[in-house]
$ cat protein-v9.pdb   # PDB, C-alpha atoms
ATOM      1  CA  MET A 265     103.419  73.604 107.180  1.00  0.00           C
ATOM      2  CA  ASP A 266     106.113  71.351 105.758  1.00  0.00           C
ATOM      3  CA  SER A 267     109.728  71.306 106.952  1.00  0.00           C
ATOM      4  CA  SER A 268     112.185  73.933 105.733  1.00  0.00           C
ATOM      5  CA  ALA A 269     114.050  71.265 103.758  1.00  0.00           C
ATOM      6  CA  ALA A 270     110.862  70.198 101.971  1.00  0.00           C
ATOM      7  CA  GLN A 271     109.979  73.812 101.185  1.00  0.00           C
ATOM      8  CA  GLU A 272     113.413  74.555  99.736  1.00  0.00           C
ATOM      9  CA  LYS A 273     113.028  71.710  97.231  1.00  0.00           C
ATOM     10  CA  ARG A 274     109.996  73.407  95.714  1.00  0.00           C
ATOM     11  CA  PRO A 275     110.467  75.788  92.780  1.00  0.00           C
ATOM     12  CA  VAL A 276     110.905  79.504  93.342  1.00  0.00           C
ATOM     13  CA  LEU A 277     107.921  81.550  92.167  1.00  0.00           C
ATOM     14  CA  THR A 278     107.892  85.150  90.988  1.00  0.00           C
ATOM     15  CA  GLU A 279     104.952  87.533  90.912  1.00  0.00           C
ATOM     16  CA  GLU A 280     104.391  86.602  87.265  1.00  0.00           C
ATOM     17  CA  SER A 281     104.290  82.849  87.980  1.00  0.00           C
ATOM     18  CA  PRO A 282     100.955  81.049  87.427  1.00  0.00           C
ATOM     19  CA  PHE A 283      99.332  80.126  90.725  1.00  0.00           C
ATOM     20  CA  HIS A 284      96.523  77.622  91.260  1.00  0.00           C
ATOM     21  CA  PHE A 285      94.949  77.694  94.701  1.00  0.00           C
ATOM     22  CA  SER A 286      91.517  78.006  96.247  1.00  0.00           C
ATOM     23  CA  CYS A 287      90.404  77.312  99.817  1.00  0.00           C
ATOM     24  CA  ASN A 288      86.821  76.533 100.782  1.00  0.00           C
ATOM     25  CA  ASP A 289      84.905  74.608 103.421  1.00  0.00           C
ATOM     26  CA  SER A 290      84.171  71.708 101.061  1.00  0.00           C
ATOM     27  CA  LEU A 291      87.805  70.575 101.204  1.00  0.00           C
ATOM     28  CA  PRO A 292      88.616  67.830 103.761  1.00  0.00           C
ATOM     29  CA  CYS A 293      91.685  69.790 104.894  1.00  0.00           C
ATOM     30  CA  PHE A 294      89.723  73.000 105.558  1.00  0.00           C
ATOM     31  CA  THR A 295      91.216  74.822 108.615  1.00  0.00           C
ATOM     32  CA  GLN A 296      93.931  72.175 109.128  1.00  0.00           C
ATOM     33  CA  CYS A 297      96.497  74.903 108.403  1.00  0.00           C
ATOM     34  CA  CYS A 298      95.105  76.703 111.488  1.00  0.00           C
ATOM     35  CA  ARG A 299      96.274  73.948 113.832  1.00  0.00           C
ATOM     36  CA  ASP A 300      99.613  73.383 115.586  1.00  0.00           C
ATOM     37  CA  VAL A 301     101.390  76.128 113.687  1.00  0.00           C
ATOM     38  CA  ASN A 302     103.688  79.007 114.602  1.00  0.00           C
ATOM     39  CA  ILE A 303     102.038  82.227 113.459  1.00  0.00           C
ATOM     40  CA  TYR A 304     104.339  85.150 114.131  1.00  0.00           C
ATOM     41  CA  LEU A 305     102.570  88.491 114.427  1.00  0.00           C
ATOM     42  CA  THR A 306     103.676  91.915 113.274  1.00  0.00           C
ATOM     43  CA  PRO A 307     102.667  95.140 115.054  1.00  0.00           C
ATOM     44  CA  TYR A 308     100.088  95.753 112.309  1.00  0.00           C
ATOM     45  CA  ASP A 309      98.710  92.231 112.788  1.00  0.00           C
ATOM     46  CA  VAL A 310      98.167  92.991 116.463  1.00  0.00           C
ATOM     47  CA  LEU A 311      96.508  96.314 115.634  1.00  0.00           C
ATOM     48  CA  ARG A 312      94.042  94.694 113.231  1.00  0.00           C
ATOM     49  CA  LEU A 313      93.292  91.684 115.437  1.00  0.00           C
ATOM     50  CA  ARG A 314      92.681  93.524 118.690  1.00  0.00           C
ATOM     51  CA  ARG A 315      90.499  96.029 116.818  1.00  0.00           C
ATOM     52  CA  ALA A 316      88.494  93.178 115.274  1.00  0.00           C
ATOM     53  CA  LEU A 317      87.980  91.734 118.753  1.00  0.00           C
ATOM     54  CA  SER A 318      87.126  95.169 120.232  1.00  0.00           C
ATOM     55  CA  ILE A 319      89.751  94.881 122.956  1.00  0.00           C
ATOM     56  CA  GLY A 320      92.932  96.756 123.787  1.00  0.00           C
ATOM     57  CA  SER A 321      96.387  95.706 122.700  1.00  0.00           C
ATOM     58  CA  THR A 322      97.508  94.842 126.229  1.00  0.00           C
ATOM     59  CA  GLU A 323      94.520  92.552 126.733  1.00  0.00           C
ATOM     60  CA  PHE A 324      94.945  90.964 123.310  1.00  0.00           C
ATOM     61  CA  LEU A 325      98.612  90.224 123.934  1.00  0.00           C
ATOM     62  CA  ALA A 326      97.815  88.674 127.313  1.00  0.00           C
ATOM     63  CA  ARG A 327      94.882  86.559 126.136  1.00  0.00           C
ATOM     64  CA  TYR A 328      95.802  85.487 122.619  1.00  0.00           C
ATOM     65  CA  THR A 329      99.575  85.445 122.299  1.00  0.00           C
ATOM     66  CA  ARG A 330     102.811  84.243 123.747  1.00  0.00           C
ATOM     67  CA  HIS A 331     105.424  86.962 123.603  1.00  0.00           C
ATOM     68  CA  PHE A 332     108.981  87.431 124.797  1.00  0.00           C
ATOM     69  CA  LEU A 333     112.294  89.026 123.899  1.00  0.00           C
ATOM     70  CA  ASP A 334     114.558  86.747 121.903  1.00  0.00           C
ATOM     71  CA  ARG A 335     117.432  85.587 124.121  1.00  0.00           C
ATOM     72  CA  SER A 336     120.170  86.322 121.614  1.00  0.00           C
ATOM     73  CA  THR A 337     118.900  89.514 119.965  1.00  0.00           C
ATOM     74  CA  SER A 338     116.343  90.987 122.440  1.00  0.00           C
ATOM     75  CA  ILE A 339     113.987  91.464 119.474  1.00  0.00           C
ATOM     76  CA  PRO A 340     110.307  91.033 120.503  1.00  0.00           C
ATOM     77  CA  ILE A 341     108.739  87.759 119.378  1.00  0.00           C
ATOM     78  CA  VAL A 342     104.927  87.648 119.312  1.00  0.00           C
ATOM     79  CA  GLN A 343     103.070  84.468 118.332  1.00  0.00           C
ATOM     80  CA  LEU A 344      99.414  83.545 118.268  1.00  0.00           C
ATOM     81  CA  ALA A 345      98.804  81.103 121.117  1.00  0.00           C
ATOM     82  CA  MET A 346      97.194  77.825 120.129  1.00  0.00           C
ATOM     83  CA  ALA A 347      94.465  76.287 122.305  1.00  0.00           C
ATOM     84  CA  PRO A 348      96.234  73.886 124.719  1.00  0.00           C
ATOM     85  CA  ASP A 349      93.732  71.032 124.261  1.00  0.00           C
ATOM     86  CA  SER A 350      93.256  71.033 120.478  1.00  0.00           C
ATOM     87  CA  LEU A 351      96.331  73.021 119.349  1.00  0.00           C
ATOM     88  CA  GLN A 352      93.976  74.992 117.100  1.00  0.00           C
ATOM     89  CA  CYS A 353      94.185  78.731 116.657  1.00  0.00           C
ATOM     90  CA  ARG A 354      91.977  80.251 119.317  1.00  0.00           C
ATOM     91  CA  LEU A 355      90.461  82.591 116.734  1.00  0.00           C
ATOM     92  CA  LEU A 356      89.122  79.660 114.732  1.00  0.00           C
ATOM     93  CA  ALA A 357      85.327  79.216 114.717  1.00  0.00           C
ATOM     94  CA  VAL A 358      83.131  76.373 113.443  1.00  0.00           C
ATOM     95  CA  ASN A 359      82.824  77.955 109.999  1.00  0.00           C
ATOM     96  CA  GLY A 360      86.428  79.083 109.733  1.00  0.00           C
ATOM     97  CA  CYS A 361      88.424  82.105 110.845  1.00  0.00           C
ATOM     98  CA  SER A 362      86.383  84.372 113.116  1.00  0.00           C
ATOM     99  CA  VAL A 363      88.520  87.414 112.197  1.00  0.00           C
ATOM    100  CA  TYR A 364      89.003  86.609 108.514  1.00  0.00           C
ATOM    101  CA  HIS A 365      88.838  90.229 107.336  1.00  0.00           C
ATOM    102  CA  ASP A 366      91.633  91.095 109.785  1.00  0.00           C
ATOM    103  CA  ARG A 367      93.610  87.846 109.660  1.00  0.00           C
ATOM    104  CA  PRO A 368      97.406  88.153 110.057  1.00  0.00           C
ATOM    105  CA  TRP A 369      99.906  88.576 107.253  1.00  0.00           C
ATOM    106  CA  ALA A 370     101.070  84.949 107.511  1.00  0.00           C
ATOM    107  CA  CYS A 371      97.506  83.692 107.071  1.00  0.00           C
ATOM    108  CA  ARG A 372      96.940  85.964 104.069  1.00  0.00           C
ATOM    109  CA  MET A 373     100.128  84.711 102.445  1.00  0.00           C
ATOM    110  CA  TYR A 374      99.312  81.013 102.869  1.00  0.00           C
ATOM    111  CA  PRO A 375     100.223  78.813 101.044  1.00  0.00           C
ATOM    112  CA  LEU A 376     103.057  81.142 100.006  1.00  0.00           C
ATOM    113  CA  ASP A 377     106.021  82.433 101.959  1.00  0.00           C
ATOM    114  CA  LEU A 378     108.932  84.718 101.164  1.00  0.00           C
ATOM    115  CA  THR A 379     112.236  83.177 100.095  1.00  0.00           C
ATOM    116  CA  GLY A 380     114.457  85.967 101.405  1.00  0.00           C
ATOM    117  CA  GLN A 381     115.058  87.337  97.906  1.00  0.00           C
ATOM    118  CA  ALA A 382     112.876  90.246  96.843  1.00  0.00           C
ATOM    119  CA  GLY A 383     109.908  89.348  94.670  1.00  0.00           C
ATOM    120  CA  THR A 384     110.251  85.580  95.053  1.00  0.00           C
ATOM    121  CA  TYR A 385     108.141  83.027  96.915  1.00  0.00           C
ATOM    122  CA  ARG A 386     107.851  79.331  97.743  1.00  0.00           C
ATOM    123  CA  LEU A 387     104.961  77.103  98.716  1.00  0.00           C
ATOM    124  CA  VAL A 388     104.958  76.180 102.416  1.00  0.00           C
ATOM    125  CA  SER A 389     102.854  73.095 101.805  1.00  0.00           C
ATOM    126  CA  GLY A 390     102.417  70.455  99.134  1.00  0.00           C
ATOM    127  CA  SER A 391      99.215  69.415  97.399  1.00  0.00           C
ATOM    128  CA  ASP A 392      99.245  66.181  99.414  1.00  0.00           C
ATOM    129  CA  ARG A 393      98.479  68.176 102.557  1.00  0.00           C
ATOM    130  CA  CYS A 394      96.817  71.279 101.131  1.00  0.00           C
ATOM    131  CA  LEU A 395      94.113  70.133  98.728  1.00  0.00           C
ATOM    132  CA  GLY A 396      93.423  73.737  97.773  1.00  0.00           C
ATOM    133  CA  LEU A 397      96.538  73.538  95.622  1.00  0.00           C
ATOM    134  CA  ARG A 398      94.716  71.014  93.430  1.00  0.00           C
ATOM    135  CA  GLU A 399      91.975  73.514  92.648  1.00  0.00           C
ATOM    136  CA  ARG A 400      92.108  75.026  89.186  1.00  0.00           C
ATOM    137  CA  ALA A 401      91.435  78.635  90.110  1.00  0.00           C
ATOM    138  CA  GLY A 402      94.153  80.185  87.996  1.00  0.00           C
ATOM    139  CA  ARG A 403      95.906  83.529  88.398  1.00  0.00           C
ATOM    140  CA  THR A 404      99.411  84.874  88.871  1.00  0.00           C
ATOM    141  CA  VAL A 405     101.124  85.137  92.225  1.00  0.00           C
ATOM    142  CA  ALA A 406     100.772  88.939  92.026  1.00  0.00           C
ATOM    143  CA  GLN A 407      97.032  88.635  91.420  1.00  0.00           C
ATOM    144  CA  TRP A 408      96.694  86.250  94.347  1.00  0.00           C
ATOM    145  CA  LEU A 409      98.566  88.609  96.688  1.00  0.00           C
ATOM    146  CA  ALA A 410      96.423  91.539  95.560  1.00  0.00           C
ATOM    147  CA  SER A 411      93.272  89.542  96.274  1.00  0.00           C
ATOM    148  CA  GLN A 412      94.551  88.893  99.795  1.00  0.00           C
ATOM    149  CA  GLU A 413      95.077  92.637 100.419  1.00  0.00           C
ATOM    150  CA  ILE A 414      98.721  92.210 101.360  1.00  0.00           C
ATOM    151  CA  ALA A 415      99.797  95.780 100.464  1.00  0.00           C
ATOM    152  CA  PRO A 416      98.941  97.614 103.739  1.00  0.00           C
ATOM    153  CA  TYR A 417     100.590  94.851 105.761  1.00  0.00           C
ATOM    154  CA  THR A 418     103.744  95.079 103.673  1.00  0.00           C
ATOM    155  CA  ALA A 419     103.852  98.874 103.963  1.00  0.00           C
ATOM    156  CA  MET A 420     103.491  98.789 107.748  1.00  0.00           C
ATOM    157  CA  GLU A 421     106.129  96.081 108.101  1.00  0.00           C
ATOM    158  CA  GLU A 422     108.581  98.102 106.022  1.00  0.00           C
ATOM    159  CA  ALA A 423     107.915 101.111 108.266  1.00  0.00           C
ATOM    160  CA  PHE A 424     108.494  98.934 111.339  1.00  0.00           C
ATOM    161  CA  HIS A 425     111.827  97.626 110.046  1.00  0.00           C
ATOM    162  CA  ALA A 426     112.897 101.209 109.344  1.00  0.00           C
ATOM    163  CA  VAL A 427     112.937 102.016 113.087  1.00  0.00           C
ATOM    164  CA  MET A 428     116.039  99.872 113.628  1.00  0.00           C
ATOM    165  CA  PRO A 429     119.364 101.691 114.107  1.00  0.00           C
ATOM    166  CA  ARG A 430     121.350 102.079 110.898  1.00  0.00           C
ATOM    167  CA  SER A 431     124.356 100.370 112.493  1.00  0.00           C
ATOM    168  CA  PHE A 432     122.373  97.410 113.850  1.00  0.00           C
ATOM    169  CA  VAL A 433     123.645  94.104 112.487  1.00  0.00           C
ATOM    170  CA  PRO A 434     120.889  91.469 112.215  1.00  0.00           C
ATOM    171  CA  GLY A 435     121.529  88.608 114.625  1.00  0.00           C
ATOM    172  CA  THR A 436     123.371  90.734 117.185  1.00  0.00           C
ATOM    173  CA  ASP A 437     121.963  91.754 120.562  1.00  0.00           C
ATOM    174  CA  LEU A 438     119.890  94.928 120.499  1.00  0.00           C
ATOM    175  CA  GLY A 439     119.784  95.032 124.311  1.00  0.00           C
ATOM    176  CA  VAL A 440     116.866  94.308 126.627  1.00  0.00           C
ATOM    177  CA  GLY A 441     116.096  97.983 127.219  1.00  0.00           C
ATOM    178  CA  LEU A 442     115.719  98.759 123.531  1.00  0.00           C
ATOM    179  CA  GLY A 443     113.900  95.483 123.003  1.00  0.00           C
ATOM    180  CA  LYS A 444     111.252  96.727 125.420  1.00  0.00           C
ATOM    181  CA  VAL A 445     111.070 100.034 123.567  1.00  0.00           C
ATOM    182  CA  LEU A 446     110.557  98.110 120.323  1.00  0.00           C
ATOM    183  CA  PHE A 447     107.734  96.144 121.965  1.00  0.00           C
ATOM    184  CA  LEU A 448     105.730  99.397 122.226  1.00  0.00           C
ATOM    185  CA  ALA A 449     104.911  98.924 118.541  1.00  0.00           C
ATOM    186  CA  PHE A 450     102.949  95.805 119.516  1.00  0.00           C
ATOM    187  CA  ASP A 451     101.375  97.233 122.676  1.00  0.00           C
ATOM    188  CA  LEU A 452      99.927 100.529 121.460  1.00  0.00           C
ATOM    189  CA  ASP A 453      97.921 100.927 124.669  1.00  0.00           C
ATOM    190  CA  ARG A 454     101.171 101.654 126.487  1.00  0.00           C
ATOM    191  CA  PHE A 455     102.347 104.072 123.825  1.00  0.00           C
ATOM    192  CA  ALA A 456      98.969 105.843 123.899  1.00  0.00           C
ATOM    193  CA  GLU A 457      99.456 106.388 127.631  1.00  0.00           C
ATOM    194  CA  LEU A 458     102.833 108.041 126.993  1.00  0.00           C
ATOM    195  CA  LEU A 459     101.232 110.243 124.372  1.00  0.00           C
ATOM    196  CA  GLN A 460      98.800 111.713 126.882  1.00  0.00           C
ATOM    197  CA  ASP A 461     101.660 113.490 128.684  1.00  0.00           C
ATOM    198  CA  ALA A 462     101.944 117.091 127.480  1.00  0.00           C
ATOM    199  CA  ARG A 463     105.693 117.041 128.143  1.00  0.00           C
ATOM    200  CA  PHE A 464     106.017 113.998 125.893  1.00  0.00           C
ATOM    201  CA  GLN A 465     104.087 115.789 123.140  1.00  0.00           C
ATOM    202  CA  THR A 466     106.342 118.838 123.396  1.00  0.00           C
ATOM    203  CA  PHE A 467     109.599 116.890 123.491  1.00  0.00           C
ATOM    204  CA  TYR A 468     108.696 114.742 120.485  1.00  0.00           C
ATOM    205  CA  ASP A 469     107.102 117.584 118.524  1.00  0.00           C
ATOM    206  CA  VAL A 470     103.564 116.204 118.522  1.00  0.00           C
ATOM    207  CA  ASP A 471     101.319 119.151 117.695  1.00  0.00           C
ATOM    208  CA  GLU A 472      97.552 119.300 118.225  1.00  0.00           C
ATOM    209  CA  ALA A 473      96.740 118.124 114.702  1.00  0.00           C
ATOM    210  CA  LEU A 474      99.044 115.110 114.905  1.00  0.00           C
ATOM    211  CA  PHE A 475      97.793 114.256 118.386  1.00  0.00           C
ATOM    212  CA  ALA A 476      94.157 114.420 117.228  1.00  0.00           C
ATOM    213  CA  GLN A 477      94.949 112.251 114.215  1.00  0.00           C
ATOM    214  CA  ALA A 478      96.635 109.627 116.398  1.00  0.00           C
ATOM    215  CA  GLN A 479      93.683 109.651 118.778  1.00  0.00           C
ATOM    216  CA  ALA A 480      91.218 109.078 115.970  1.00  0.00           C
ATOM    217  CA  ASN A 481      93.123 106.613 113.774  1.00  0.00           C
ATOM    218  CA  ASP A 482      94.933 103.449 114.899  1.00  0.00           C
ATOM    219  CA  GLU A 483      97.215 103.389 111.877  1.00  0.00           C
ATOM    220  CA  ALA A 484      98.287 106.981 112.540  1.00  0.00           C
ATOM    221  CA  LEU A 485      98.977 106.044 116.173  1.00  0.00           C
ATOM    222  CA  LEU A 486     101.139 103.122 115.050  1.00  0.00           C
ATOM    223  CA  ARG A 487     103.136 105.283 112.660  1.00  0.00           C
ATOM    224  CA  LEU A 488     103.657 107.820 115.453  1.00  0.00           C
ATOM    225  CA  ALA A 489     104.862 104.977 117.683  1.00  0.00           C
ATOM    226  CA  PHE A 490     107.324 104.024 114.953  1.00  0.00           C
ATOM    227  CA  ARG A 491     108.605 107.610 114.900  1.00  0.00           C
ATOM    228  CA  TYR A 492     109.083 107.612 118.673  1.00  0.00           C
ATOM    229  CA  ILE A 493     110.813 104.217 118.646  1.00  0.00           C
ATOM    230  CA  ARG A 494     113.152 105.335 115.862  1.00  0.00           C
ATOM    231  CA  ALA A 495     114.097 108.425 117.884  1.00  0.00           C
ATOM    232  CA  GLN A 496     114.848 106.248 120.902  1.00  0.00           C
ATOM    233  CA  MET A 497     116.884 103.835 118.814  1.00  0.00           C
ATOM    234  CA  ASP A 498     118.953 106.591 117.222  1.00  0.00           C
ATOM    235  CA  GLU A 499     119.613 108.188 120.611  1.00  0.00           C
ATOM    236  CA  LEU A 500     120.329 105.150 122.752  1.00  0.00           C
ATOM    237  CA  TYR A 501     121.671 102.342 120.558  1.00  0.00           C
ATOM    238  CA  SER A 502     125.118 103.859 120.043  1.00  0.00           C
ATOM    239  CA  LEU A 503     125.371 104.580 123.768  1.00  0.00           C
ATOM    240  CA  THR A 504     124.666 100.964 124.721  1.00  0.00           C
ATOM    241  CA  LYS A 505     127.409  99.755 122.373  1.00  0.00           C
ATOM    242  CA  LYS A 506     130.181 101.961 123.768  1.00  0.00           C
TER
END
$ encode --input "protein-v9.pdb" --output "structure tokens"
Amino acid sequence: MDSSAAQEKRPVLTEESPFHFSCNDSLPCFTQCCRDVNIYLTPYDVLRLRRALSIGSTEFLARYTRHFLDRSTSIPIVQLAMAPDSLQCRLLAVNGCSVYHDRPWACRMYPLDLTGQAGTYRLVSGSDRCLGLRERAGRTVAQWLASQEIAPYTAMEEAFHAVMPRSFVPGTDLGVGLGKVLFLAFDLDRFAELLQDARFQTFYDVDEALFAQAQANDEALLRLAFRYIRAQMDELYSLTKK
């Protein structure tokens, strides 16, 4: 990806803007965007990736990511770990992404990124580096995003952001304890263990139907984790700030 300064010089796109891009293995730059790059993962990214690899969330986080609590905010940071020798994404295969159907939000968005203003986007790369931008496959930005199946990722990310305390000011310190609670959204194995406790189910009003749904459906389990995290945030955040 290009520098932030280079990206900011590019025009702002809306969902109605024309968008010409196509990626395929005939391009000389194919998979170069999968090398030496910071790919930040959302809880839903982790869910989809570990499921695609048929492993648990704890194992996925240990094997494929680097993760930590941000020093200034205590917010969990989860990144895909690049291979130390080649700096390539470790999920990259000879013919391209080995988990393409479940690739992360950032990979689906490429070569677009959000600007910070709702409904607007910028290119993260120029056509000198990304030859796919020279392809003539024409559509609007909205059509491109729909083809990349962004909607469920966006919905889950909005639900994740909604767990934060109403009085939390972005950029301030959440506190290490609550940062670890927030990390449960990424490590659903740990949350699933909590859910097995009958006392936990009673206290957090998890009835048999909801428990069965969470056991059978990963997305339902994640949304239940969000509900638990939100309850913890509402209860404890104000106490830590007194």
$ resolve_selection --input "protein-v9.pdb" --expression "the PyMOL selection byres ((chain A and resi 321) around 12)" --output "ChimeraX atom specification"
/A:307-320,322-329,447-456,482,486
$ atom_distance --input "protein-v9.pdb" --atom1 "atom CA of A:Leu459" --atom2 "atom CA of A:Ala426"
21.1 Å
$ resolve_selection --input "protein-v9.pdb" --expression "the PyMOL selection byres ((chain A and resi 395) around 9)" --output "ChimeraX atom specification"
/A:285-287,291-294,390-394,396-399
$ atom_distance --input "protein-v9.pdb" --atom1 "atom CA of A:Asp471" --atom2 "atom CA of A:Tyr492"
13.9 Å
$ residues_around --input "protein-v9.pdb" --residues "A:Ala406" --least-positions-apart "5" --cutoff "12 Å" --atoms "all atoms listed in the file" --output "PyMOL selection string"
chain A and resi 277-283+373+376+383-385+411-415
$ write_last_selection --input "protein-v9.pdb" --atoms "C-alpha atoms" --output "PDB file, keeping the file's coordinate frame"
ATOM      1  CA  LEU A 277     107.921  81.550  92.167  1.00  0.00           C
ATOM      2  CA  THR A 278     107.892  85.150  90.988  1.00  0.00           C
ATOM      3  CA  GLU A 279     104.952  87.533  90.912  1.00  0.00           C
ATOM      4  CA  GLU A 280     104.391  86.602  87.265  1.00  0.00           C
ATOM      5  CA  SER A 281     104.290  82.849  87.980  1.00  0.00           C
ATOM      6  CA  PRO A 282     100.955  81.049  87.427  1.00  0.00           C
ATOM      7  CA  PHE A 283      99.332  80.126  90.725  1.00  0.00           C
ATOM      8  CA  MET A 373     100.128  84.711 102.445  1.00  0.00           C
ATOM      9  CA  LEU A 376     103.057  81.142 100.006  1.00  0.00           C
ATOM     10  CA  GLY A 383     109.908  89.348  94.670  1.00  0.00           C
ATOM     11  CA  THR A 384     110.251  85.580  95.053  1.00  0.00           C
ATOM     12  CA  TYR A 385     108.141  83.027  96.915  1.00  0.00           C
ATOM     13  CA  SER A 411      93.272  89.542  96.274  1.00  0.00           C
ATOM     14  CA  GLN A 412      94.551  88.893  99.795  1.00  0.00           C
ATOM     15  CA  GLU A 413      95.077  92.637 100.419  1.00  0.00           C
ATOM     16  CA  ILE A 414      98.721  92.210 101.360  1.00  0.00           C
ATOM     17  CA  ALA A 415      99.797  95.780 100.464  1.00  0.00           C
TER      18      ALA A 415
END
$ closest_residue --input "protein-v9.pdb" --among "A:Ala345, A:Val363, A:Val433, A:Cys297" --to "A:Pro375" --atoms "only C-alpha atoms"
A:Cys297
$ build_atoms --input "protein-v9.pdb" --residues "stretch 456-474 of chain A" --atoms "N, CA and C atoms" --output "PDB file, in the frame of the given file"
ATOM      1  N   ALA A 456     100.036 104.840 123.804  1.00  0.00           N
ATOM      2  CA  ALA A 456      98.969 105.843 123.899  1.00  0.00           C
ATOM      3  C   ALA A 456      98.982 106.532 125.262  1.00  0.00           C
ATOM      4  N   GLU A 457      99.348 105.790 126.296  1.00  0.00           N
ATOM      5  CA  GLU A 457      99.456 106.388 127.631  1.00  0.00           C
ATOM      6  C   GLU A 457     100.587 107.413 127.666  1.00  0.00           C
ATOM      7  N   LEU A 458     101.723 107.095 127.064  1.00  0.00           N
ATOM      8  CA  LEU A 458     102.833 108.041 126.993  1.00  0.00           C
ATOM      9  C   LEU A 458     102.412 109.307 126.257  1.00  0.00           C
ATOM     10  N   LEU A 459     101.630 109.132 125.227  1.00  0.00           N
ATOM     11  CA  LEU A 459     101.232 110.243 124.372  1.00  0.00           C
ATOM     12  C   LEU A 459     100.324 111.242 125.087  1.00  0.00           C
ATOM     13  N   GLN A 460      99.686 110.823 126.147  1.00  0.00           N
ATOM     14  CA  GLN A 460      98.800 111.713 126.882  1.00  0.00           C
ATOM     15  C   GLN A 460      99.564 112.791 127.659  1.00  0.00           C
ATOM     16  N   ASP A 461     100.843 112.559 127.910  1.00  0.00           N
ATOM     17  CA  ASP A 461     101.660 113.490 128.684  1.00  0.00           C
ATOM     18  C   ASP A 461     102.041 114.692 127.811  1.00  0.00           C
ATOM     19  N   ALA A 462     101.664 115.882 128.254  1.00  0.00           N
ATOM     20  CA  ALA A 462     101.944 117.091 127.480  1.00  0.00           C
ATOM     21  C   ALA A 462     103.444 117.290 127.276  1.00  0.00           C
ATOM     22  N   ARG A 463     104.239 116.900 128.274  1.00  0.00           N
ATOM     23  CA  ARG A 463     105.693 117.041 128.143  1.00  0.00           C
ATOM     24  C   ARG A 463     106.221 116.117 127.043  1.00  0.00           C
ATOM     25  N   PHE A 464     105.651 114.939 126.948  1.00  0.00           N
ATOM     26  CA  PHE A 464     106.017 113.998 125.893  1.00  0.00           C
ATOM     27  C   PHE A 464     105.683 114.602 124.532  1.00  0.00           C
ATOM     28  N   GLN A 465     104.498 115.191 124.407  1.00  0.00           N
ATOM     29  CA  GLN A 465     104.087 115.789 123.140  1.00  0.00           C
ATOM     30  C   GLN A 465     105.038 116.907 122.718  1.00  0.00           C
ATOM     31  N   THR A 466     105.443 117.728 123.697  1.00  0.00           N
ATOM     32  CA  THR A 466     106.342 118.838 123.396  1.00  0.00           C
ATOM     33  C   THR A 466     107.720 118.339 122.982  1.00  0.00           C
ATOM     34  N   PHE A 467     108.243 117.386 123.741  1.00  0.00           N
ATOM     35  CA  PHE A 467     109.599 116.890 123.491  1.00  0.00           C
ATOM     36  C   PHE A 467     109.701 116.208 122.136  1.00  0.00           C
ATOM     37  N   TYR A 468     108.657 115.482 121.741  1.00  0.00           N
ATOM     38  CA  TYR A 468     108.696 114.742 120.485  1.00  0.00           C
ATOM     39  C   TYR A 468     107.929 115.450 119.365  1.00  0.00           C
ATOM     40  N   ASP A 469     107.668 116.727 119.569  1.00  0.00           N
ATOM     41  CA  ASP A 469     107.102 117.584 118.524  1.00  0.00           C
ATOM     42  C   ASP A 469     105.791 117.023 117.974  1.00  0.00           C
ATOM     43  N   VAL A 470     104.898 116.678 118.908  1.00  0.00           N
ATOM     44  CA  VAL A 470     103.564 116.204 118.522  1.00  0.00           C
ATOM     45  C   VAL A 470     102.594 117.365 118.698  1.00  0.00           C
ATOM     46  N   ASP A 471     102.219 117.997 117.595  1.00  0.00           N
ATOM     47  CA  ASP A 471     101.319 119.151 117.695  1.00  0.00           C
ATOM     48  C   ASP A 471      99.864 118.685 117.834  1.00  0.00           C
ATOM     49  N   GLU A 472      98.957 119.629 117.972  1.00  0.00           N
ATOM     50  CA  GLU A 472      97.552 119.300 118.225  1.00  0.00           C
ATOM     51  C   GLU A 472      96.950 118.486 117.088  1.00  0.00           C
ATOM     52  N   ALA A 473      97.300 118.835 115.857  1.00  0.00           N
ATOM     53  CA  ALA A 473      96.740 118.124 114.702  1.00  0.00           C
ATOM     54  C   ALA A 473      97.211 116.670 114.666  1.00  0.00           C
ATOM     55  N   LEU A 474      98.496 116.467 114.923  1.00  0.00           N
ATOM     56  CA  LEU A 474      99.044 115.110 114.905  1.00  0.00           C
ATOM     57  C   LEU A 474      98.493 114.291 116.072  1.00  0.00           C
TER      58      LEU A 474
END
